[in-house]
Every structure is written in structure tokens, then in C-alpha cells.
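Presented below is the structure to which this report refers.
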Amino acid sequence: MRIMAFVLLAALSGAPLQAQEPPSSVAEVLNKDKPPLIVAVAIDEAGITQGELQRTQDLIRGLLDTLPSGSRLVVAAFSGEKRIILPPTADRVAITAVLNSFTPGAPGVALPDGLFDIVDYLGSREAESRAILLFSAGRLRDGDLLFEDPLNAASSKGIRIFAIGLGQGDGKMLRRVAKLTGGEYIRLEVADAAMITSNLREPSHEPSGADATTVEVSTPEAGPTPKASGGLLGAAAIFFSLGGLLMLGIVILLVRKLSAHPQAPNSSMAPSASAPVPRESQAPPRPASLELDLDLEGDIPLEKTLVINAEPTLRALSGPGAGKNFPLSASGTTSIGRSRRNDVVVPEDAASAQHCRIDREGDSYVIHDMGATNG
């Protein structure tokens with residue numbers, strides 16, 4: 001009875017019954033919260049003057065008025081222990097306070113090392129578009145990473161790097177940074193906020209064809225990319241196999257050369273009766289040798305001794321170091337990884353800083369995993 005009365009009351013009131021619209025999907029809700037653009041402004045204080053720093057600060061504050069609505073700024077530095085000193089925000093007061101904390105000429109980490117950390121952080125932020133404004137004089141300093149490491153990481157994450165050149169240099173290195181990541185190189189003297197914003201609004205260019213070959217400097221032209229550890233083991237196995245064949249060929253060539261000029265036995269060469277003949281016990285110990293008893297011609301039996309001293313070597317089959325030979329330590333450890341501190345440097349994104357090591361154990365070489373997270 002109560003249900004019938006409710007239906008009758010609704011009909012008498014004349015209010016139309018409408019179905020509720022389905023709630024938005026999770027993707028639509030997330031896209032509403034995703035900013036259209038996140039820009040990381042990275043200031044390399046080494047080589048920057050007070051006037052250039054003031055110009056940089058004014059340019060960044062001007063971007064707050066020209067960037068698309070809802071955009072966020074990240075402030076990063078190469079000096080100090082932290083690369084990211086202000087997470088994504090649109091708060092003008094907070095951005096101004098952080099910019100005023102920079103000091104011209106302050107020492108910092110190497111450009112590739114700091115840039116790699118900034119790219120890694122920005123790659124984890126959700127946004128429709130992401131870019132880096134790098135303010136630098138382009139001075140190189142020693143670090144753990146190679147120059148191509150942050151550029152390959154930025155290209156794979158779709159992050160463009162716009163290099164703002166400072167100082168008196170020609171900007172050759174900064175031009176390359178911008179070109180390989182799809183950004184642009186601009187001198188600080190001619191840069192303005194409206195021009196930079198216009199460039200940032202352009203769709204991200206993902207390199208293809210010839211550009212892809214230039215950016216992905218560590219990727220082979222064809223075939224799947226082998227893992228660092230598997231490639232090294234395969235290279236070592238192939239090298240030792242080829243080394244054995246090469247040594248056998250050398251032995252055969254030496255025997256053929258010696259057999260081409262046989263010497264007839266000469267009685268005058270026989271030891272005289274007065275010449276002392278050393279006893280067998282007095283003969284010096286002979287080194288490890290390879291005894292050959294070959295009859296290549298069929299008529300002249302030869303017996304020659306060849307002492308071979310082969311040095312174990314690791315050969316790279318693919319990647320930037322393809323064709324290079326790396327000698328293995330005969331008594332110690334040979335370290336392999338992306339860091340320059342290793343004996344064998346592997347400039348691959350798939351390789352860890354300390355990837356593995358090869359130890360000499362008796363007459364064998366054993367490869368040990370250093371707990372690398374990249375496999």
C-alpha cells in the first residue's frame with residue numbers, strides 16, 4: 001500500500017521521472033586533475049653571473065602569466081644535495097622565494113648527472129605535456145654518467161629539453177641537447193616568456209627515421225636489443241671459440257713456413273767428444289708448451305714447440321662500443337656497468353651503475369650479478 005501511494009503521489013505531482021546519468025569514468029576523472037603542462041626550470045649556477053641570474057628569474061616569473069591555465073612549474077638545481085627543490089606548483093609566492101635562493105657561480109654536480117635525475121623525476125609526473133627549461137652555460141664537469149644517458153631517457157619519456165644558453169660559449173653542447181630531445185636552443189639575451197610558451201604549446205615531436213638513429217645512440221639498427229649481462233656472456237663465449245681457431249691457424253702457418261725450408265742434417269753440427277754434454281738433471285725447467293708432431297708433406301716429419309700466451313679479453317658485439325676489446329683482469333676483478341668508475345663502461349639505459357663483475361677463479365672466469373634492478 002505504501003508503494004502504491006508513493007507512485008500515485010508522484011503521478012499527481014506532475015514531476016517527470018528522469019534516469020540519472022552514469023558517473024564519469026575513472027579516466028575522465030583523472031584527466032580533469034591532470035595539468036595540461038608541467039615545466040621543470042633547471043638552473044645550472046656554475047658559470048652564471050649575477051646579471052644573468054636576475055634575467056633568468058624575471059623570465060621564469062613571466063612564464064607564470066603566459067603558460068596555459070592549470071600548468072605547473074617545477075624548480076630544480078644542480079647545486080646542493082637535492083635536484084628538485086620545489087615540486088609542481090602554480091604558487092607565484094613560493095616560486096619567487098625559491099628563485100631568490102640561487103647563488104651565481106655555485107658549484108654543483110655534472111650536467112649529465114643532474115639532468116638525468118630531473119628527467120627521471122619529471123617522467124613520473126602525470127601531465128598532458130612535459131618539458132624542461134635548462135638554463136646553463138654548458139660547462140662540462142666530470143660525473144658518473146655519459147652525455148647521452150639523460151638525452152636517451154628524455155626521448156623515451158617524451159620530455160623535450162629547451163636549452164637557454166648563458167655566458168660567452170658557442171652553445172654547441174646545449175644545441176645538441178635540444179636537438180636530440182625535440183626542443184630548441186635559445187640565447188638568454190633574446191628569450192622572452194611569450195616566445196618560450198609558444199614553443200612549449202607545440203605538440204611533442206617524437207623522433208623517427210634518421211632522427212631516431214641519432215637519439216637512440218645505444219640501440220642497434222636491427223634486431224632485438226640484448227640484455228647487458230647476456231650480451232657480455234655471449235661475446236665472451238664467441239671470443240674464446242674464435243680465439244682457439246685463430247691459435248690453431250697460427251700454428252699451422254708456422255709449421256708450413258718451417259717445412260718450406262728444411263735443413264739437411266750436418267755432421268759438423270754434432271757435438272764434439274770434448275764438448276760437455278749437460279746431464280738431464282741439469283737441464284733448466286721448460287715452460288708449458290704445445291708439442292706438435294705433424295707430417296704435412298708426407299716425407300718430412302717435424303717436431304716443433306710453440307709457447308702461446310693468450311690474454312683473456314671481452315669483446316662488445318653491439319651497442320655504442322661494438323667491436324671494442326676489453327681485457328679481463330688476470331688476478332683481480334673486472335667491474336661492468338653504466339658508471340664511469342667501472343673497468344668496462346656500458347652506456348645503456350638497461351644497464352645499472354654497478355651491473356656485474358667478472359672474477360678470476362682458478363683457470364676460469366665467473367660473472368657475478370651485483371644486484372642490478374635492470375636485469
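Here, A, B, ... name the chains of the C-alpha cells in the order displayed, residue numbers run from 1 inside each chain, and ligands are numbered from 1 in the same displayed order.
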Q | Shell of 8 Å around segment 140-142 of chain A, only C-alpha atoms, local chain residues under 6 positions omitted, as number ranges by chain | A | A: 109-111
Just write the chosen residues, N, CA, C and O atoms, as a short mmCIF file (atom, residue, chain, number, x, y, z; two decimals), in the first residue's frame.
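Printed below is selection_26.cif as written:
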```cif
data_model
loop_
_atom_site.label_atom_id
_atom_site.label_comp_id
_atom_site.auth_asym_id
_atom_site.auth_seq_id
_atom_site.Cartn_x
_atom_site.Cartn_y
_atom_site.Cartn_z
N VAL A 109 76.74 19.37 -9.33
CA VAL A 109 77.04 18.08 -9.94
C VAL A 109 77.22 18.27 -11.45
O VAL A 109 76.89 19.31 -12.01
N ALA A 110 77.73 17.24 -12.10
CA ALA A 110 77.92 17.29 -13.55
C ALA A 110 76.58 17.42 -14.25
O ALA A 110 75.55 16.95 -13.77
N LEU A 111 76.60 18.08 -15.40
CA LEU A 111 75.37 18.34 -16.14
C LEU A 111 74.62 17.06 -16.50
O LEU A 111 73.40 16.98 -16.29
#
```
(Q) List as number ranges by chain the protein and nucleic acid residues near segment 81-92 of chain A, meaning an atom at most 8 Å away when only C-alpha atoms are counted, but skip any in the same chain fewer than 5 places from it. (A) A: 38, 61, 64, 70-76, 98, 114, 117-118
Q | Distance criterion (only C-alpha atoms): nearest to Ile95 of chain A out of A:Gly108, A:Gly123, A:Pro150, A:Gln57 | A |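 Using only C-alpha atoms, Ile95 of chain A sits closest to A:Gln57.
Closest to Glu45 of chain A among A:Gly323, A:Gly158, A:Gly167, A:Gly143 is A:Gly167, based on only C-alpha atoms.
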Q | Selected residue, from A:Gly371, A:Gly321, A:Gly62, A:Gly105, that lies nearest to Ile196 of chain A when counting only C-alpha atoms | A |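 For Ile196 of chain A, the nearest of the given residues is A:Gly62.
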**Q.** Surrounding residues of Tyr185 of chain A excluding itself and chain neighbours under 6 positions, 8 Å, only C-alpha atoms, as a PyMOL selection string
**A.** chain A and resi 162-165+174-175+178-179
Can those selected residues be exported to a file as a short mmCIF file (atom, residue, chain, number, x, y, z; two decimals), in the first residue's frame so that it contains N, CA, C and O atoms?
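Once everything was written out, this is result-v4.cif:
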```cif
data_model
loop_
_atom_site.label_atom_id
_atom_site.label_comp_id
_atom_site.auth_asym_id
_atom_site.auth_seq_id
_atom_site.Cartn_x
_atom_site.Cartn_y
_atom_site.Cartn_z
N PHE A 162 64.42 22.37 -23.59
CA PHE A 162 64.70 23.66 -24.22
C PHE A 162 65.90 24.27 -23.49
O PHE A 162 65.82 24.55 -22.29
N ALA A 163 67.01 24.43 -24.20
CA ALA A 163 68.25 24.91 -23.60
C ALA A 163 68.35 26.42 -23.77
O ALA A 163 68.30 26.93 -24.89
N ILE A 164 68.48 27.13 -22.66
CA ILE A 164 68.66 28.58 -22.66
C ILE A 164 70.14 28.85 -22.41
O ILE A 164 70.64 28.60 -21.31
N GLY A 165 70.85 29.33 -23.43
CA GLY A 165 72.29 29.50 -23.35
C GLY A 165 72.70 30.75 -22.59
O GLY A 165 72.14 31.83 -22.79
N LEU A 174 74.80 22.55 -25.77
CA LEU A 174 73.39 22.81 -25.47
C LEU A 174 72.53 22.68 -26.73
O LEU A 174 71.37 22.25 -26.66
N ARG A 175 73.08 23.04 -27.88
CA ARG A 175 72.34 22.86 -29.13
C ARG A 175 72.06 21.38 -29.38
O ARG A 175 70.98 20.99 -29.83
N ALA A 178 69.20 20.11 -27.07
CA ALA A 178 67.87 20.50 -27.55
C ALA A 178 67.49 19.72 -28.80
O ALA A 178 66.35 19.26 -28.94
N LYS A 179 68.43 19.53 -29.71
CA LYS A 179 68.12 18.86 -30.98
C LYS A 179 67.74 17.41 -30.77
O LYS A 179 66.77 16.91 -31.36
#
```
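The list of residues with at least one atom within 7 Å of Val344 of chain A, based on only C-alpha atoms and without residues fewer than 6 positions apart in the same chain, reads A:Phe326, A:Ser335, A:Ile336, A:Gly337.
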Selection export as a CSV table (one decimal), in the first residue's frame, atoms kept: C-alpha atoms:
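File written: out.csv
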```csv
chain,number,residue,atom,x,y,z
A,326,PHE,CA,88.2,-5.1,-23.0
A,335,SER,CA,83.6,-4.5,-13.0
A,336,ILE,CA,80.9,-3.8,-15.6
A,337,GLY,CA,78.2,-1.1,-15.5
```
Q: Select, from A:Phe116, A:Asn152, A:Phe147, A:Leu188, the residue with the minimum atom-to-atom distance to Glu52 of chain A, counting only C-alpha atoms.
A: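 That would be A:Leu188, the residue with the smallest distance to Glu52 of chain A.
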Q | Within 9 Å of Thr373 of chain A using only C-alpha atoms, minus same-chain residues under 5 positions, as a PyMOL selection string | A | chain A and resi 351-352+355
Saved selection, atoms kept: N, CA and C atoms, as a PDB file, in the first residue's frame:
```pdb
ATOM      1  N   ALA A 351      71.411  -0.962 -18.441  1.00  0.00           N
ATOM      2  CA  ALA A 351      72.471  -1.356 -17.520  1.00  0.00           C
ATOM      3  C   ALA A 351      72.425  -0.477 -16.273  1.00  0.00           C
ATOM      4  N   SER A 352      72.708  -1.094 -15.120  1.00  0.00           N
ATOM      5  CA  SER A 352      72.762  -0.349 -13.865  1.00  0.00           C
ATOM      6  C   SER A 352      74.143   0.275 -13.696  1.00  0.00           C
ATOM      7  N   HIS A 355      76.561  -3.023 -12.545  1.00  0.00           N
ATOM      8  CA  HIS A 355      75.708  -4.093 -13.072  1.00  0.00           C
ATOM      9  C   HIS A 355      76.221  -5.477 -12.670  1.00  0.00           C
TER      10      HIS A 355
END
```
Q | Pick from A:Arg139, A:Lys34, A:Arg315, A:Arg360, whichever lies nearest to Leu166 of chain A using only C-alpha atoms | A | A:Arg139
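The interatomic distance for the pair atom CA of Arg55 of chain A and atom CA of Glu184 of chain A works out to 18.9 Å.
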Q. Out of segment 94-197 of chain A, which residues get strand (DSSP E or B) from DSSP, as a PyMOL selection string?
A. chain A and resi 130-136+160-165+185-187
Could you please take those selected residues and save N, CA and C atoms as a PDB file, in the first residue's frame?
```pdb
ATOM      1  N   ARG A 130      55.084  17.513 -21.002  1.00  0.00           N
ATOM      2  CA  ARG A 130      56.151  17.796 -20.037  1.00  0.00           C
ATOM      3  C   ARG A 130      57.383  18.300 -20.777  1.00  0.00           C
ATOM      4  N   ALA A 131      58.067  19.263 -20.163  1.00  0.00           N
ATOM      5  CA  ALA A 131      59.243  19.850 -20.797  1.00  0.00           C
ATOM      6  C   ALA A 131      60.189  20.359 -19.713  1.00  0.00           C
ATOM      7  N   ILE A 132      61.449  20.582 -20.123  1.00  0.00           N
ATOM      8  CA  ILE A 132      62.484  21.101 -19.224  1.00  0.00           C
ATOM      9  C   ILE A 132      63.068  22.358 -19.850  1.00  0.00           C
ATOM     10  N   LEU A 133      63.170  23.425 -19.047  1.00  0.00           N
ATOM     11  CA  LEU A 133      63.888  24.636 -19.440  1.00  0.00           C
ATOM     12  C   LEU A 133      65.233  24.612 -18.719  1.00  0.00           C
ATOM     13  N   LEU A 134      66.293  24.368 -19.479  1.00  0.00           N
ATOM     14  CA  LEU A 134      67.630  24.245 -18.915  1.00  0.00           C
ATOM     15  C   LEU A 134      68.384  25.554 -19.104  1.00  0.00           C
ATOM     16  N   PHE A 135      68.658  26.265 -18.006  1.00  0.00           N
ATOM     17  CA  PHE A 135      69.439  27.496 -18.025  1.00  0.00           C
ATOM     18  C   PHE A 135      70.876  27.135 -17.648  1.00  0.00           C
ATOM     19  N   SER A 136      71.795  27.212 -18.601  1.00  0.00           N
ATOM     20  CA  SER A 136      73.158  26.747 -18.352  1.00  0.00           C
ATOM     21  C   SER A 136      74.131  27.433 -19.300  1.00  0.00           C
ATOM     22  N   ARG A 160      60.702  17.052 -23.790  1.00  0.00           N
ATOM     23  CA  ARG A 160      61.551  17.929 -24.589  1.00  0.00           C
ATOM     24  C   ARG A 160      62.383  18.836 -23.677  1.00  0.00           C
ATOM     25  N   ILE A 161      63.602  19.111 -24.094  1.00  0.00           N
ATOM     26  CA  ILE A 161      64.504  19.965 -23.323  1.00  0.00           C
ATOM     27  C   ILE A 161      64.785  21.218 -24.149  1.00  0.00           C
ATOM     28  N   PHE A 162      64.421  22.370 -23.590  1.00  0.00           N
ATOM     29  CA  PHE A 162      64.700  23.663 -24.218  1.00  0.00           C
ATOM     30  C   PHE A 162      65.903  24.270 -23.485  1.00  0.00           C
ATOM     31  N   ALA A 163      67.007  24.427 -24.198  1.00  0.00           N
ATOM     32  CA  ALA A 163      68.253  24.910 -23.597  1.00  0.00           C
ATOM     33  C   ALA A 163      68.351  26.416 -23.772  1.00  0.00           C
ATOM     34  N   ILE A 164      68.482  27.125 -22.656  1.00  0.00           N
ATOM     35  CA  ILE A 164      68.656  28.583 -22.659  1.00  0.00           C
ATOM     36  C   ILE A 164      70.136  28.852 -22.408  1.00  0.00           C
ATOM     37  N   GLY A 165      70.848  29.330 -23.434  1.00  0.00           N
ATOM     38  CA  GLY A 165      72.289  29.498 -23.348  1.00  0.00           C
ATOM     39  C   GLY A 165      72.699  30.746 -22.595  1.00  0.00           C
ATOM     40  N   TYR A 185      67.173  25.520 -28.930  1.00  0.00           N
ATOM     41  CA  TYR A 185      68.237  26.272 -28.252  1.00  0.00           C
ATOM     42  C   TYR A 185      67.977  27.757 -28.448  1.00  0.00           C
ATOM     43  N   ILE A 186      67.957  28.501 -27.327  1.00  0.00           N
ATOM     44  CA  ILE A 186      67.667  29.939 -27.354  1.00  0.00           C
ATOM     45  C   ILE A 186      68.690  30.642 -26.474  1.00  0.00           C
ATOM     46  N   ARG A 187      69.209  31.754 -26.932  1.00  0.00           N
ATOM     47  CA  ARG A 187      70.100  32.564 -26.110  1.00  0.00           C
ATOM     48  C   ARG A 187      69.272  33.363 -25.116  1.00  0.00           C
TER      49      ARG A 187
END
```
Q) Which is closer to Ala350 of chain A than all the others in A:Ala153, A:Met370, A:Ala94, A:Met195, using only C-alpha atoms? A) A:Ala153
Q) Please, what distance in Å, to one decimal, runs between atom CA of Asn199 of chain A and atom CA of Ala77 of chain A? A)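 Interatomic distance here is 22.8 Å.
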